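Visitor: Below is one structure. I have some questions about it.
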Amino acid sequence: MVSFLKTLTREIINTILLILGVTALLFFLFNIMPGVFPGKGQGFGGYVDLLKRLFTFNFGTSFVSGRDINSIIFPAFRNTLVLTAGSIVLSMLISVPIGIFSAYRGFKSYSWPLSVFSYIMSSIPVFYLGYLVLYIVSRQTGFLPIYYPQGSGRGSPFLSYVLPILVLGLGNDSISEIVRLITNELGRVMDSDYVIASKARGESVLKSSINEGIVVPLVSITFSKIPFIIGGAVIVEHVFNWPGMGRLAFQSTLNRDLPMLIVIAFLSVLIVRAGMIIKELVLYYFNPRES
């Protein structure tokens, strides 16, 4: 327990330091850029005011639109969170069964096509996959919407989530890594002495090796891939006109909406570091020896 608390404290401190470093760098870069935005030219005092707004989640007003940033950023944050979480779940639903099957059967004639499929999907650029799916599913069939704006009263909002989550879940390059890691780790655990002894007693091999062979590597790699998935979400949101933080960051960059960009960077850091903290909690629950 003491070791876990030390790890958790270290993660929280790293989160705070990362926020300070990212915001300080952005504040410095924005201050040397031409133009005017709130806090520019105020030096250290302006940076302290910026930190107060960020940590109290009172983000102020957009310099470009004049709207309250909270009313813009939190709906976009929710949409990005749904997209990211949905793609992670989809990647696990596809890769975990393939990894388990490959570990049990090895690289045989009826298992290698699944492994090859996972590597092919991970090698396709997400923007190309997005436009391909957009053309085939929406243009040729028309049975799934690209996106239904909220409050339009057109169709089911749930269906509008399908295509972006499908593309990001298949094209975020996590599937092949999860398959490879679970195949290797599960194969190693199944050859260990305690699993062989469990099999001799008539117990399920999968049940004996599920924690160390599946859960621990799956949690480790999934939460470690969050930054890359968020990076892919930026492209997917642009392709599907998805109203998330990635698309908002792209528009804010074009509009030079610097306060909005700082808030987006702050929330992105929170998502990534929250994933790392959740990973430590889950690993400690399933395998306290690793914490």
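All residue names refer to the structure tokens as shown: chains lettered A, B, ... in order, residues numbered from 1 in each chain, ligands numbered from 1 in order.
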Need the shell around segment 120-125 of chain A: protein/DNA/RNA residues with any atom at most 8 Å away, counting only C-alpha atoms. Skip same-chain ones fewer than 5 positions apart. Format as a PyMOL selection string?

Guide: chain A and resi 170-176

Visitor: Got time to write the residues from that selection, N, CA and C atoms, as an mmCIF file, in the first residue's frame?

Guide:
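Wrote result.cif, looks like this:
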```cif
data_model
loop_
_atom_site.group_PDB
_atom_site.id
_atom_site.type_symbol
_atom_site.label_atom_id
_atom_site.label_comp_id
_atom_site.auth_asym_id
_atom_site.auth_seq_id
_atom_site.Cartn_x
_atom_site.Cartn_y
_atom_site.Cartn_z
ATOM 1 N N LEU A 170 -10.397 1.444 -35.278
ATOM 2 C CA LEU A 170 -9.646 0.570 -36.170
ATOM 3 C C LEU A 170 -8.299 1.151 -36.574
ATOM 4 N N GLY A 171 -8.203 2.473 -36.665
ATOM 5 C CA GLY A 171 -7.013 3.082 -37.237
ATOM 6 C C GLY A 171 -6.083 3.756 -36.261
ATOM 7 N N ASN A 172 -6.226 3.505 -34.947
ATOM 8 C CA ASN A 172 -5.351 4.204 -33.992
ATOM 9 C C ASN A 172 -4.074 3.425 -33.692
ATOM 10 N N ASP A 173 -3.792 2.366 -34.433
ATOM 11 C CA ASP A 173 -2.603 1.505 -34.359
ATOM 12 C C ASP A 173 -2.451 0.777 -33.027
ATOM 13 N N SER A 174 -3.514 0.754 -32.198
ATOM 14 C CA SER A 174 -3.455 0.033 -30.930
ATOM 15 C C SER A 174 -3.757 -1.446 -31.087
ATOM 16 N N ILE A 175 -4.540 -1.803 -32.109
ATOM 17 C CA ILE A 175 -4.997 -3.180 -32.247
ATOM 18 C C ILE A 175 -3.822 -4.141 -32.380
ATOM 19 N N SER A 176 -2.885 -3.848 -33.289
ATOM 20 C CA SER A 176 -1.761 -4.763 -33.498
ATOM 21 C C SER A 176 -0.878 -4.858 -32.258
#
```

Visitor: Within 12 Å of segment 63-71 of chain A, counting only C-alpha atoms, which residues show up once you throw out same-chain ones fewer than 3 positions away? Write them as a PyMOL selection string, please.

Guide: chain A and resi 35-40+53-54+56-60+74-78+248+251-264+267

Visitor: I'd like the neighbourhood of Ala233 of chain A as a PyMOL selection string, where a residue qualifies if any of its atoms comes within 9 Å (using only C-alpha atoms), though same-chain residues fewer than 2 positions away should be ignored.

Guide: chain A and resi 80+83-84+164+168+172+228-231+235-238+244-247

Visitor: If we count only C-alpha atoms and set the cut-off at 10 Å, which residues sit around Arg273 of chain A, ignoring sequence neighbours fewer than 4 positions away in its own chain? Please answer as an mmCIF file with C-alpha atoms, in the first residue's frame.

Guide:
```
data_model
loop_
_atom_site.group_PDB
_atom_site.id
_atom_site.type_symbol
_atom_site.label_atom_id
_atom_site.label_comp_id
_atom_site.auth_asym_id
_atom_site.auth_seq_id
_atom_site.Cartn_x
_atom_site.Cartn_y
_atom_site.Cartn_z
ATOM 1 C CA GLU A 11 1.866 10.725 -10.719
ATOM 2 C CA ILE A 12 -0.009 13.686 -9.198
ATOM 3 C CA ASN A 14 4.166 14.864 -12.425
ATOM 4 C CA THR A 15 0.721 16.021 -13.558
ATOM 5 C CA ILE A 16 1.109 19.376 -11.812
ATOM 6 C CA LEU A 18 3.496 18.949 -16.682
ATOM 7 C CA ILE A 19 0.640 21.458 -16.515
ATOM 8 C CA PHE A 223 -3.727 3.750 -21.088
ATOM 9 C CA SER A 224 -0.243 4.351 -22.483
ATOM 10 C CA ILE A 226 -4.171 7.572 -24.857
ATOM 11 C CA PRO A 227 -1.930 10.409 -26.149
ATOM 12 C CA LEU A 267 -7.626 19.740 -20.646
ATOM 13 C CA SER A 268 -5.600 17.448 -22.918
ATOM 14 C CA VAL A 269 -2.935 17.160 -20.227
ATOM 15 C CA ILE A 277 -3.468 7.567 -12.619
ATOM 16 C CA ILE A 278 -6.362 5.243 -13.486
ATOM 17 C CA LYS A 279 -3.820 2.771 -14.863
#
```

Visitor: Name the residues in contact with Arg188 of chain A at a cut-off of 10 Å, using only C-alpha atoms, excluding same-chain residues fewer than 3 positions from it; report them as an mmCIF file with N, CA and C atoms, in the first residue's frame.

Guide:
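Final output, saved to out30.cif:
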```
data_model
loop_
_atom_site.group_PDB
_atom_site.id
_atom_site.type_symbol
_atom_site.label_atom_id
_atom_site.label_comp_id
_atom_site.auth_asym_id
_atom_site.auth_seq_id
_atom_site.Cartn_x
_atom_site.Cartn_y
_atom_site.Cartn_z
ATOM 1 N N ALA A 103 -2.642 -16.833 -28.811
ATOM 2 C CA ALA A 103 -1.828 -17.428 -27.746
ATOM 3 C C ALA A 103 -2.145 -18.903 -27.560
ATOM 4 N N ILE A 182 -0.634 -9.230 -25.828
ATOM 5 C CA ILE A 182 -1.428 -10.259 -25.150
ATOM 6 C C ILE A 182 -0.992 -11.654 -25.600
ATOM 7 N N THR A 183 -0.690 -11.816 -26.887
ATOM 8 C CA THR A 183 -0.221 -13.118 -27.378
ATOM 9 C C THR A 183 1.069 -13.531 -26.676
ATOM 10 N N ASN A 184 2.013 -12.592 -26.576
ATOM 11 C CA ASN A 184 3.296 -12.912 -25.947
ATOM 12 C C ASN A 184 3.153 -13.142 -24.446
ATOM 13 N N GLU A 185 2.444 -12.229 -23.757
ATOM 14 C CA GLU A 185 2.331 -12.330 -22.312
ATOM 15 C C GLU A 185 1.486 -13.527 -21.898
ATOM 16 N N ASP A 191 2.821 -20.950 -19.896
ATOM 17 C CA ASP A 191 3.936 -21.892 -19.768
ATOM 18 C C ASP A 191 4.569 -21.862 -18.380
ATOM 19 N N SER A 192 4.074 -20.997 -17.498
ATOM 20 C CA SER A 192 4.647 -20.915 -16.150
ATOM 21 C C SER A 192 4.203 -22.107 -15.304
ATOM 22 N N SER A 209 -4.649 -17.593 -15.672
ATOM 23 C CA SER A 209 -3.675 -16.665 -16.250
ATOM 24 C C SER A 209 -4.294 -15.339 -16.693
ATOM 25 N N GLU A 212 -2.502 -11.849 -14.955
ATOM 26 C CA GLU A 212 -1.140 -11.525 -15.385
ATOM 27 C C GLU A 212 -0.977 -11.586 -16.890
ATOM 28 N N GLY A 213 -1.746 -12.457 -17.547
ATOM 29 C CA GLY A 213 -1.563 -12.635 -18.977
ATOM 30 C C GLY A 213 -2.405 -11.731 -19.847
#
```
